[in-house]
>>> print(open('work-v2.pdb').read())   # PDB, C-alpha atoms
ATOM      1  CA  MET A 206     -33.683  15.695 109.136  1.00  0.00           C
ATOM      2  CA  ARG A 207     -36.575  13.237 109.085  1.00  0.00           C
ATOM      3  CA  ASP A 208     -36.188   9.837 110.742  1.00  0.00           C
ATOM      4  CA  ILE A 209     -38.425   7.598 108.625  1.00  0.00           C
ATOM      5  CA  HIS A 210     -38.225   4.382 110.682  1.00  0.00           C
ATOM      6  CA  CYS A 211     -38.282   4.044 114.462  1.00  0.00           C
ATOM      7  CA  HIS A 212     -40.071   2.191 117.239  1.00  0.00           C
ATOM      8  CA  ILE A 213     -40.771   5.110 119.521  1.00  0.00           C
ATOM      9  CA  LEU A 214     -44.445   4.525 120.317  1.00  0.00           C
ATOM     10  CA  PRO A 215     -45.030   3.500 123.926  1.00  0.00           C
ATOM     11  CA  GLY A 216     -45.926  -0.084 124.790  1.00  0.00           C
ATOM     12  CA  VAL A 217     -47.007  -1.447 121.421  1.00  0.00           C
ATOM     13  CA  ASP A 218     -44.045  -3.472 120.114  1.00  0.00           C
ATOM     14  CA  ASP A 219     -40.417  -4.237 121.007  1.00  0.00           C
ATOM     15  CA  GLY A 220     -39.496  -0.554 121.103  1.00  0.00           C
ATOM     16  CA  ALA A 221     -40.287   1.966 123.839  1.00  0.00           C
ATOM     17  CA  ALA A 222     -41.817   0.216 126.838  1.00  0.00           C
ATOM     18  CA  ASP A 223     -43.766   3.221 128.096  1.00  0.00           C
ATOM     19  CA  LEU A 224     -44.285   6.947 127.584  1.00  0.00           C
ATOM     20  CA  ASP A 225     -41.243   7.874 129.665  1.00  0.00           C
ATOM     21  CA  GLU A 226     -38.987   5.847 127.387  1.00  0.00           C
ATOM     22  CA  SER A 227     -40.692   7.303 124.307  1.00  0.00           C
ATOM     23  CA  LEU A 228     -39.947  10.813 125.533  1.00  0.00           C
ATOM     24  CA  ALA A 229     -36.348   9.844 126.310  1.00  0.00           C
ATOM     25  CA  MET A 230     -36.029   8.566 122.735  1.00  0.00           C
ATOM     26  CA  LEU A 231     -37.473  11.822 121.472  1.00  0.00           C
ATOM     27  CA  GLU A 232     -34.836  13.813 123.330  1.00  0.00           C
ATOM     28  CA  ALA A 233     -32.086  11.520 122.020  1.00  0.00           C
ATOM     29  CA  ALA A 234     -33.413  11.999 118.493  1.00  0.00           C
ATOM     30  CA  LYS A 235     -33.249  15.780 118.861  1.00  0.00           C
ATOM     31  CA  GLU A 236     -29.665  15.552 120.099  1.00  0.00           C
ATOM     32  CA  ALA A 237     -28.801  13.489 117.001  1.00  0.00           C
ATOM     33  CA  GLY A 238     -30.155  16.243 114.758  1.00  0.00           C
ATOM     34  CA  VAL A 239     -33.564  14.762 113.959  1.00  0.00           C
ATOM     35  CA  THR A 240     -36.218  17.390 113.239  1.00  0.00           C
ATOM     36  CA  SER A 241     -39.199  15.122 112.489  1.00  0.00           C
ATOM     37  CA  ILE A 242     -40.052  11.460 113.037  1.00  0.00           C
ATOM     38  CA  VAL A 243     -42.198   8.878 111.311  1.00  0.00           C
ATOM     39  CA  CYS A 244     -43.390   6.475 114.009  1.00  0.00           C
ATOM     40  CA  THR A 245     -43.326   2.975 112.477  1.00  0.00           C
ATOM     41  CA  PRO A 246     -44.465   0.241 114.887  1.00  0.00           C
ATOM     42  CA  HIS A 247     -44.241  -3.336 113.668  1.00  0.00           C
ATOM     43  CA  CYS A 248     -47.042  -4.666 111.530  1.00  0.00           C
ATOM     44  CA  ARG A 249     -46.180  -8.292 112.213  1.00  0.00           C
ATOM     45  CA  ASP A 250     -46.952 -10.943 114.788  1.00  0.00           C
ATOM     46  CA  PRO A 251     -47.017 -10.854 117.769  1.00  0.00           C
ATOM     47  CA  TYR A 252     -47.240  -7.073 118.019  1.00  0.00           C
ATOM     48  CA  PHE A 253     -49.771  -5.779 115.553  1.00  0.00           C
ATOM     49  CA  ASP A 254     -52.774  -3.996 117.081  1.00  0.00           C
ATOM     50  CA  TYR A 255     -53.867  -1.231 114.724  1.00  0.00           C
ATOM     51  CA  ASP A 256     -56.123   0.671 117.109  1.00  0.00           C
ATOM     52  CA  ALA A 257     -53.717   0.423 120.047  1.00  0.00           C
ATOM     53  CA  MET A 258     -50.886   1.715 117.857  1.00  0.00           C
ATOM     54  CA  TRP A 259     -52.878   4.739 116.769  1.00  0.00           C
ATOM     55  CA  ASP A 260     -53.815   5.373 120.398  1.00  0.00           C
ATOM     56  CA  ALA A 261     -50.110   5.234 121.332  1.00  0.00           C
ATOM     57  CA  PHE A 262     -49.299   7.691 118.551  1.00  0.00           C
ATOM     58  CA  GLU A 263     -51.912  10.149 119.794  1.00  0.00           C
ATOM     59  CA  LEU A 264     -50.609   9.785 123.362  1.00  0.00           C
ATOM     60  CA  LEU A 265     -47.036  10.522 122.312  1.00  0.00           C
ATOM     61  CA  GLN A 266     -48.129  13.370 120.087  1.00  0.00           C
ATOM     62  CA  ALA A 267     -49.972  14.954 123.027  1.00  0.00           C
ATOM     63  CA  HIS A 268     -46.767  14.910 125.103  1.00  0.00           C
ATOM     64  CA  ALA A 269     -44.229  15.764 122.367  1.00  0.00           C
ATOM     65  CA  GLY A 270     -44.439  19.533 122.781  1.00  0.00           C
ATOM     66  CA  GLY A 271     -45.291  20.129 119.146  1.00  0.00           C
ATOM     67  CA  PHE A 272     -42.370  18.106 117.745  1.00  0.00           C
ATOM     68  CA  PRO A 273     -43.401  16.944 114.250  1.00  0.00           C
ATOM     69  CA  LEU A 274     -44.564  13.326 114.333  1.00  0.00           C
ATOM     70  CA  GLN A 275     -46.105  11.274 111.546  1.00  0.00           C
ATOM     71  CA  MET A 276     -47.805   7.895 111.845  1.00  0.00           C
ATOM     72  CA  GLY A 277     -46.746   4.922 109.742  1.00  0.00           C
ATOM     73  CA  PHE A 278     -45.995   1.221 110.061  1.00  0.00           C
ATOM     74  CA  GLU A 279     -43.132  -1.148 109.323  1.00  0.00           C
ATOM     75  CA  VAL A 280     -45.157  -3.644 107.333  1.00  0.00           C
ATOM     76  CA  ASN A 281     -43.932  -7.219 107.262  1.00  0.00           C
ATOM     77  CA  HIS A 282     -44.594  -8.854 103.899  1.00  0.00           C
ATOM     78  CA  ALA A 283     -46.021 -12.056 105.381  1.00  0.00           C
ATOM     79  CA  LYS A 284     -48.380 -10.071 107.608  1.00  0.00           C
ATOM     80  CA  LEU A 285     -49.531  -7.980 104.657  1.00  0.00           C
ATOM     81  CA  MET A 286     -50.318 -11.175 102.742  1.00  0.00           C
ATOM     82  CA  GLU A 287     -52.291 -12.432 105.751  1.00  0.00           C
ATOM     83  CA  LEU A 288     -54.241  -9.191 106.130  1.00  0.00           C
ATOM     84  CA  GLY A 289     -54.802  -8.714 102.397  1.00  0.00           C
ATOM     85  CA  MET A 290     -53.569  -6.021 100.031  1.00  0.00           C
ATOM     86  CA  ASP A 291     -56.505  -3.726 100.782  1.00  0.00           C
ATOM     87  CA  TRP A 292     -54.881  -3.156 104.177  1.00  0.00           C
ATOM     88  CA  ALA A 293     -52.139  -1.199 102.412  1.00  0.00           C
ATOM     89  CA  ASP A 294     -54.494   1.770 102.445  1.00  0.00           C
ATOM     90  CA  TYR A 295     -54.313   1.774 106.266  1.00  0.00           C
ATOM     91  CA  LEU A 296     -50.602   1.035 106.682  1.00  0.00           C
ATOM     92  CA  HIS A 297     -48.797   3.625 104.565  1.00  0.00           C
ATOM     93  CA  TYR A 298     -47.320   6.771 106.104  1.00  0.00           C
ATOM     94  CA  ASP A 299     -50.251   8.941 107.096  1.00  0.00           C
ATOM     95  CA  GLY A 300     -50.524  11.951 104.828  1.00  0.00           C
ATOM     96  CA  SER A 301     -48.173  10.608 102.155  1.00  0.00           C
ATOM     97  CA  ASN A 302     -47.918   7.749  99.658  1.00  0.00           C
ATOM     98  CA  GLU A 303     -44.801   6.210 101.280  1.00  0.00           C
ATOM     99  CA  PHE A 304     -44.988   2.555 102.312  1.00  0.00           C
ATOM    100  CA  LEU A 305     -42.301   0.912 104.474  1.00  0.00           C
ATOM    101  CA  LEU A 306     -42.015  -2.787 103.595  1.00  0.00           C
ATOM    102  CA  GLU A 307     -40.079  -5.347 105.632  1.00  0.00           C
ATOM    103  CA  LEU A 308     -39.030  -8.596 103.954  1.00  0.00           C
ATOM    104  CA  SER A 309     -37.926 -11.879 105.501  1.00  0.00           C
ATOM    105  CA  THR A 310     -34.283 -11.950 106.566  1.00  0.00           C
ATOM    106  CA  ARG A 311     -34.017 -15.623 105.548  1.00  0.00           C
ATOM    107  CA  ALA A 312     -35.603 -15.328 102.118  1.00  0.00           C
ATOM    108  CA  GLY A 313     -33.707 -16.529  99.067  1.00  0.00           C
ATOM    109  CA  LYS A 314     -33.879 -15.242  95.519  1.00  0.00           C
ATOM    110  CA  LEU A 315     -37.011 -17.254  94.699  1.00  0.00           C
ATOM    111  CA  GLU A 316     -38.908 -15.597  97.521  1.00  0.00           C
ATOM    112  CA  PHE A 317     -37.814 -12.223  96.194  1.00  0.00           C
ATOM    113  CA  GLN A 318     -39.764 -12.964  93.004  1.00  0.00           C
ATOM    114  CA  GLU A 319     -42.914 -13.064  95.143  1.00  0.00           C
ATOM    115  CA  TYR A 320     -41.876  -9.820  96.807  1.00  0.00           C
ATOM    116  CA  GLU A 321     -41.525  -8.205  93.407  1.00  0.00           C
ATOM    117  CA  ARG A 322     -45.155  -9.019  92.589  1.00  0.00           C
ATOM    118  CA  THR A 323     -46.247  -7.390  95.850  1.00  0.00           C
ATOM    119  CA  ILE A 324     -44.075  -4.341  95.186  1.00  0.00           C
ATOM    120  CA  TYR A 325     -45.537  -3.896  91.705  1.00  0.00           C
ATOM    121  CA  GLU A 326     -49.046  -4.134  93.139  1.00  0.00           C
ATOM    122  CA  LEU A 327     -48.263  -1.550  95.802  1.00  0.00           C
ATOM    123  CA  GLN A 328     -46.782   0.728  93.149  1.00  0.00           C
ATOM    124  CA  GLY A 329     -49.870   0.179  91.012  1.00  0.00           C
ATOM    125  CA  ARG A 330     -51.927   1.421  93.952  1.00  0.00           C
ATOM    126  CA  GLY A 331     -49.859   4.597  93.946  1.00  0.00           C
ATOM    127  CA  TYR A 332     -47.420   3.855  96.774  1.00  0.00           C
ATOM    128  CA  GLU A 333     -43.721   4.662  96.882  1.00  0.00           C
ATOM    129  CA  VAL A 334     -42.208   1.520  98.358  1.00  0.00           C
ATOM    130  CA  ILE A 335     -39.363   1.873 100.855  1.00  0.00           C
ATOM    131  CA  ILE A 336     -37.504  -1.357 101.633  1.00  0.00           C
ATOM    132  CA  ALA A 337     -36.540  -1.529 105.303  1.00  0.00           C
ATOM    133  CA  HIS A 338     -32.935  -2.503 106.132  1.00  0.00           C
ATOM    134  CA  PRO A 339     -32.022  -4.518 102.978  1.00  0.00           C
ATOM    135  CA  GLU A 340     -28.584  -5.175 104.522  1.00  0.00           C
ATOM    136  CA  ARG A 341     -30.270  -7.749 106.808  1.00  0.00           C
ATOM    137  CA  TYR A 342     -31.634  -9.937 104.018  1.00  0.00           C
ATOM    138  CA  HIS A 343     -29.661 -13.080 103.277  1.00  0.00           C
ATOM    139  CA  ALA A 344     -30.355 -12.909  99.533  1.00  0.00           C
ATOM    140  CA  ILE A 345     -28.777  -9.438  99.386  1.00  0.00           C
ATOM    141  CA  GLN A 346     -25.885 -10.438 101.632  1.00  0.00           C
ATOM    142  CA  GLU A 347     -25.138 -13.182  99.102  1.00  0.00           C
ATOM    143  CA  ASP A 348     -25.712 -11.076  95.981  1.00  0.00           C
ATOM    144  CA  ILE A 349     -25.946  -7.282  96.013  1.00  0.00           C
ATOM    145  CA  ASP A 350     -27.570  -7.400  92.578  1.00  0.00           C
ATOM    146  CA  VAL A 351     -30.802  -8.311  94.381  1.00  0.00           C
ATOM    147  CA  ALA A 352     -30.701  -4.842  95.947  1.00  0.00           C
ATOM    148  CA  VAL A 353     -29.843  -3.282  92.597  1.00  0.00           C
ATOM    149  CA  ARG A 354     -32.936  -4.904  91.080  1.00  0.00           C
ATOM    150  CA  LEU A 355     -35.152  -3.528  93.860  1.00  0.00           C
ATOM    151  CA  MET A 356     -33.786  -0.050  93.239  1.00  0.00           C
ATOM    152  CA  ARG A 357     -34.335  -0.362  89.480  1.00  0.00           C
ATOM    153  CA  MET A 358     -37.934  -1.368  90.201  1.00  0.00           C
ATOM    154  CA  GLY A 359     -38.359   2.054  91.760  1.00  0.00           C
ATOM    155  CA  CYS A 360     -37.960   1.090  95.411  1.00  0.00           C
ATOM    156  CA  LYS A 361     -36.151   3.335  97.876  1.00  0.00           C
ATOM    157  CA  LEU A 362     -33.684   1.436 100.072  1.00  0.00           C
ATOM    158  CA  GLN A 363     -33.352   2.355 103.758  1.00  0.00           C
ATOM    159  CA  ALA A 364     -30.306   1.497 105.837  1.00  0.00           C
ATOM    160  CA  SER A 365     -30.814   0.987 109.576  1.00  0.00           C
ATOM    161  CA  ALA A 366     -28.109   2.934 111.379  1.00  0.00           C
ATOM    162  CA  ASP A 367     -27.089   0.098 113.695  1.00  0.00           C
ATOM    163  CA  PHE A 368     -25.197  -1.483 110.777  1.00  0.00           C
ATOM    164  CA  ILE A 369     -22.182   0.542 111.937  1.00  0.00           C
ATOM    165  CA  ALA A 370     -22.033  -1.639 115.062  1.00  0.00           C
ATOM    166  CA  GLY A 371     -22.555  -4.888 113.142  1.00  0.00           C
ATOM    167  CA  GLY A 372     -26.333  -4.700 112.997  1.00  0.00           C
ATOM    168  CA  ARG A 373     -29.181  -6.385 114.798  1.00  0.00           C
ATOM    169  CA  LEU A 374     -28.278  -9.795 113.414  1.00  0.00           C
ATOM    170  CA  GLY A 375     -24.490  -9.352 113.328  1.00  0.00           C
ATOM    171  CA  ARG A 376     -23.950  -9.642 109.568  1.00  0.00           C
ATOM    172  CA  GLU A 377     -25.146  -6.303 108.258  1.00  0.00           C
ATOM    173  CA  LYS A 378     -22.060  -4.123 108.129  1.00  0.00           C
ATOM    174  CA  ARG A 379     -20.332  -5.651 105.113  1.00  0.00           C
ATOM    175  CA  PRO A 380     -23.375  -5.653 102.780  1.00  0.00           C
ATOM    176  CA  ALA A 381     -24.307  -2.154 103.980  1.00  0.00           C
ATOM    177  CA  LEU A 382     -20.873  -0.833 103.093  1.00  0.00           C
ATOM    178  CA  LYS A 383     -21.146  -2.385  99.628  1.00  0.00           C
ATOM    179  CA  MET A 384     -24.495  -0.691  99.101  1.00  0.00           C
ATOM    180  CA  PHE A 385     -23.135   2.653 100.244  1.00  0.00           C
ATOM    181  CA  ASP A 386     -20.234   2.230  97.818  1.00  0.00           C
ATOM    182  CA  GLU A 387     -22.757   1.747  95.011  1.00  0.00           C
ATOM    183  CA  TYR A 388     -25.025   4.590  96.233  1.00  0.00           C
ATOM    184  CA  LEU A 389     -27.978   2.219  96.454  1.00  0.00           C
ATOM    185  CA  TYR A 390     -29.452   3.724  99.601  1.00  0.00           C
ATOM    186  CA  THR A 391     -31.849   6.639  99.584  1.00  0.00           C
ATOM    187  CA  TYR A 392     -32.283   6.815 103.354  1.00  0.00           C
ATOM    188  CA  ILE A 393     -30.520   6.122 106.611  1.00  0.00           C
ATOM    189  CA  ALA A 394     -32.990   5.709 109.484  1.00  0.00           C
ATOM    190  CA  SER A 395     -32.476   5.085 113.170  1.00  0.00           C
ATOM    191  CA  ASP A 396     -34.722   2.010 113.434  1.00  0.00           C
ATOM    192  CA  ALA A 397     -34.393   3.022 117.079  1.00  0.00           C
ATOM    193  CA  HIS A 398     -35.838   0.827 119.817  1.00  0.00           C
ATOM    194  CA  THR A 399     -34.095   2.610 122.693  1.00  0.00           C
ATOM    195  CA  PRO A 400     -32.649   6.102 123.249  1.00  0.00           C
ATOM    196  CA  GLU A 401     -29.108   4.740 122.819  1.00  0.00           C
ATOM    197  CA  HIS A 402     -29.806   3.739 119.219  1.00  0.00           C
ATOM    198  CA  TYR A 403     -29.800   7.395 118.179  1.00  0.00           C
ATOM    199  CA  ARG A 404     -26.037   7.481 118.726  1.00  0.00           C
ATOM    200  CA  TYR A 405     -25.735   5.103 115.777  1.00  0.00           C
ATOM    201  CA  LEU A 406     -27.838   7.431 113.654  1.00  0.00           C
ATOM    202  CA  ALA A 407     -25.628  10.419 114.430  1.00  0.00           C
ATOM    203  CA  GLU A 408     -22.499   8.399 113.639  1.00  0.00           C
ATOM    204  CA  ALA A 409     -23.879   6.924 110.426  1.00  0.00           C
ATOM    205  CA  ARG A 410     -25.087  10.290 109.209  1.00  0.00           C
ATOM    206  CA  ALA A 411     -21.633  11.782 109.770  1.00  0.00           C
ATOM    207  CA  LYS A 412     -19.764   9.000 107.974  1.00  0.00           C
ATOM    208  CA  PHE A 413     -21.879   7.826 105.085  1.00  0.00           C
ATOM    209  CA  ARG A 414     -23.650   9.162 102.044  1.00  0.00           C
ATOM    210  CA  VAL A 415     -26.813   8.035 100.301  1.00  0.00           C
ATOM    211  CA  ARG A 416     -27.382   8.282  96.542  1.00  0.00           C
ATOM    212  CA  GLY A 417     -24.608  10.838  96.137  1.00  0.00           C
ATOM    213  CA  ARG A 418     -25.666  13.169  98.949  1.00  0.00           C
ATOM    214  CA  HIS A 419     -25.857  13.257 102.720  1.00  0.00           C
ATOM    215  CA  MET A 420     -28.693  11.467 104.474  1.00  0.00           C
ATOM    216  CA  ARG A 421     -32.055  12.405 103.023  1.00  0.00           C
ATOM    217  CA  ALA A 422     -34.133  14.718 105.201  1.00  0.00           C
TER     218      ALA A 422
END
>>> encode(input="work-v2.pdb", output="C-alpha cells")
Amino acid sequence: MRDIHCHILPGVDDGAADLDESLAMLEAAKEAGVTSIVCTPHCRDPYFDYDAMWDAFELLQAHAGGFPLQMGFEVNHAKLMELGMDWADYLHYDGSNEFLLELSTRAGKLEFQEYERTIYELQGRGYEVIIAHPERYHAIQEDIDVAVRLMRMGCKLQASADFIAGGRLGREKRPALKMFDEYLYTYIASDAHTPEHYRYLAEARAKFRVRGRHMRA
C-alpha cells in the first residue's frame, strides 16, 4: 500500500520536526500497512525550500533501512502561480508523471474556474493531476458537483484520512462521506504530520472504499 501524501521529511515544514520523529512516523506507517511512501512537503509559504527539502529526503532515505521512499511535493496553487508553470517539472513525483495539487480551502466556484485552467495546462504537459483533500474546500462542501467536475476533467481525488475524526478544519467528514458514497475518490492518503496520524489511515482504509475498490496501493 502506497501512501501518496505525507509530511514525513525532517525539519522542512509543519510535519516531522527532526529525524527521530520522521523515523517514528515511518514505523507507524509500517504498522498501518504502508509499504511505500511518497514524501510530499509543502510547496507553499512559509515552508518552501526546494534544496533543503531534497536534502531532508536524502537524509531520511539514508536512515530508512531500504524502505521504499519517493520524493514529491504538495503544491499549493497560489505558490505554483508565483513560481511559474515551468516549476511543475521540478515539483511532480520524482520518477512518475503524478502531480499533487493543493487548492485554497476558501475558494468559491469562480476561483475553481482558474484552477481548471491550471489543471488543463498541467495535463497538457503530461501530468496526472491529483487533487489533495477536496473535502476541505468550501466550494465542494457547498456543492459536491464541483468535485464531480474535477473527476470528469481527469483528476484523481485524494482523501486525507483525518476526515474520520472531523478533519484538520473540522468540517471535512460530511463532504468526505458524500464523496465516498459517489465513489469519487481514487486515493486515501495519511497526510500524516505526526506518528499518531497513521491510526486514522488504518481506520479509514478498513472502513471506506475508493472508486469501487479498497484503497489504491
>>> residues_around(input="work-v2.pdb", residues="Met358 (chain A)", least_positions_apart="5", cutoff="9 Å", atoms="all atoms listed in the file", output="list in words")
Glu321, Ile324, Tyr325 and Val353 of chain A
>>> resolve_selection(input="work-v2.pdb", expression="the PyMOL selection byres ((chain A and resi 225) around 12)", output="list in words")
Ile213, Leu214, Pro215, Gly216, Ala221, Ala222, Asp223, Leu224, Glu226, Ser227, Leu228, Ala229, Met230, Leu231, Glu232, Leu264, Leu265, His268, Ala269, Thr399 and Pro400 of chain A
>>> atom_distance(input="work-v2.pdb", atom1="CA of Leu389 (chain A)", atom2="CA of Asp218 (chain A)")
29.2 Å
>>> closest_residue(input="work-v2.pdb", among="A:Ala407, A:Leu362, A:Val217, A:Leu305", to="Phe262 (chain A)", atoms="only C-alpha atoms")
A:Val217
>>> atom_distance(input="work-v2.pdb", atom1="CA of Ala352 (chain A)", atom2="CA of Thr310 (chain A)")
13.3 Å
>>> atom_distance(input="work-v2.pdb", atom1="CA of Asp250 (chain A)", atom2="CA of Val280 (chain A)")
10.6 Å
>>> resolve_selection(input="work-v2.pdb", expression="the PyMOL selection byres ((chain A and resi 273) around 8)", output="PyMOL selection string")
chain A and resi 240-242+271-272+274-275
>>> closest_residue(input="work-v2.pdb", among="A:Lys383, A:Arg330, A:Lys361, A:His398", to="His212 (chain A)", atoms="all atoms listed in the file")
A:His398
>>> closest_residue(input="work-v2.pdb", among="A:Asp208, A:Asp396, A:Glu319, A:Asp348", to="Ala237 (chain A)", atoms="all atoms listed in the file")
A:Asp208
>>> residues_near_point(input="work-v2.pdb", point="(-21.2, -4.9, 108.1)", cutoff="12 Å", atoms="only C-alpha atoms", output="PDB file with C-alpha atoms, in the coordinates of the input")
ATOM      1  CA  PRO A 339     -32.022  -4.518 102.978  1.00  0.00           C
ATOM      2  CA  GLU A 340     -28.584  -5.175 104.522  1.00  0.00           C
ATOM      3  CA  ARG A 341     -30.270  -7.749 106.808  1.00  0.00           C
ATOM      4  CA  GLN A 346     -25.885 -10.438 101.632  1.00  0.00           C
ATOM      5  CA  ALA A 364     -30.306   1.497 105.837  1.00  0.00           C
ATOM      6  CA  SER A 365     -30.814   0.987 109.576  1.00  0.00           C
ATOM      7  CA  ALA A 366     -28.109   2.934 111.379  1.00  0.00           C
ATOM      8  CA  ASP A 367     -27.089   0.098 113.695  1.00  0.00           C
ATOM      9  CA  PHE A 368     -25.197  -1.483 110.777  1.00  0.00           C
ATOM     10  CA  ILE A 369     -22.182   0.542 111.937  1.00  0.00           C
ATOM     11  CA  ALA A 370     -22.033  -1.639 115.062  1.00  0.00           C
ATOM     12  CA  GLY A 371     -22.555  -4.888 113.142  1.00  0.00           C
ATOM     13  CA  GLY A 372     -26.333  -4.700 112.997  1.00  0.00           C
ATOM     14  CA  ARG A 373     -29.181  -6.385 114.798  1.00  0.00           C
ATOM     15  CA  LEU A 374     -28.278  -9.795 113.414  1.00  0.00           C
ATOM     16  CA  GLY A 375     -24.490  -9.352 113.328  1.00  0.00           C
ATOM     17  CA  ARG A 376     -23.950  -9.642 109.568  1.00  0.00           C
ATOM     18  CA  GLU A 377     -25.146  -6.303 108.258  1.00  0.00           C
ATOM     19  CA  LYS A 378     -22.060  -4.123 108.129  1.00  0.00           C
ATOM     20  CA  ARG A 379     -20.332  -5.651 105.113  1.00  0.00           C
ATOM     21  CA  PRO A 380     -23.375  -5.653 102.780  1.00  0.00           C
ATOM     22  CA  ALA A 381     -24.307  -2.154 103.980  1.00  0.00           C
ATOM     23  CA  LEU A 382     -20.873  -0.833 103.093  1.00  0.00           C
ATOM     24  CA  LYS A 383     -21.146  -2.385  99.628  1.00  0.00           C
ATOM     25  CA  MET A 384     -24.495  -0.691  99.101  1.00  0.00           C
ATOM     26  CA  PHE A 385     -23.135   2.653 100.244  1.00  0.00           C
TER      27      PHE A 385
END
>>> closest_residue(input="work-v2.pdb", among="A:Ala337, A:Ser395, A:Glu316, A:Glu387", to="Arg410 (chain A)", atoms="only C-alpha atoms")
A:Ser395
>>> closest_residue(input="work-v2.pdb", among="A:His210, A:Arg311, A:His343, A:His338", to="Glu279 (chain A)", atoms="only C-alpha atoms")
A:His210
>>> resolve_selection(input="work-v2.pdb", expression="the PyMOL selection byres ((chain A and resi 285) around 12)", output="compact mmCIF listing (two decimals) with C-alpha atoms, keeping the file's coordinate frame")
# COMPACT_ATOMS: atom_id res chain seq x y z
CA HIS A 247 -44.24 -3.34 113.67
CA CYS A 248 -47.04 -4.67 111.53
CA ARG A 249 -46.18 -8.29 112.21
CA ASP A 250 -46.95 -10.94 114.79
CA PHE A 253 -49.77 -5.78 115.55
CA PHE A 278 -46.00 1.22 110.06
CA GLU A 279 -43.13 -1.15 109.32
CA VAL A 280 -45.16 -3.64 107.33
CA ASN A 281 -43.93 -7.22 107.26
CA HIS A 282 -44.59 -8.85 103.90
CA ALA A 283 -46.02 -12.06 105.38
CA LYS A 284 -48.38 -10.07 107.61
CA MET A 286 -50.32 -11.18 102.74
CA GLU A 287 -52.29 -12.43 105.75
CA LEU A 288 -54.24 -9.19 106.13
CA GLY A 289 -54.80 -8.71 102.40
CA MET A 290 -53.57 -6.02 100.03
CA ASP A 291 -56.50 -3.73 100.78
CA TRP A 292 -54.88 -3.16 104.18
CA ALA A 293 -52.14 -1.20 102.41
CA ASP A 294 -54.49 1.77 102.44
CA TYR A 295 -54.31 1.77 106.27
CA LEU A 296 -50.60 1.03 106.68
CA HIS A 297 -48.80 3.62 104.56
CA PHE A 304 -44.99 2.56 102.31
CA LEU A 305 -42.30 0.91 104.47
CA LEU A 306 -42.02 -2.79 103.60
CA GLU A 307 -40.08 -5.35 105.63
CA LEU A 308 -39.03 -8.60 103.95
CA TYR A 320 -41.88 -9.82 96.81
CA THR A 323 -46.25 -7.39 95.85
CA ILE A 324 -44.08 -4.34 95.19
CA LEU A 327 -48.26 -1.55 95.80
>>> closest_residue(input="work-v2.pdb", among="A:Thr391, A:Gln318, A:Gln328, A:Ser301", to="Arg354 (chain A)", atoms="all atoms listed in the file")
A:Gln318
>>> axis_aligned_box(input="work-v2.pdb", around="region 282-285 of chain A", padding_each_side="6 Å", output="JSON")
{"center_x": -47.1, "center_y": -10.0, "center_z": 105.8, "size_x": 16.9, "size_y": 16.1, "size_z": 15.7}
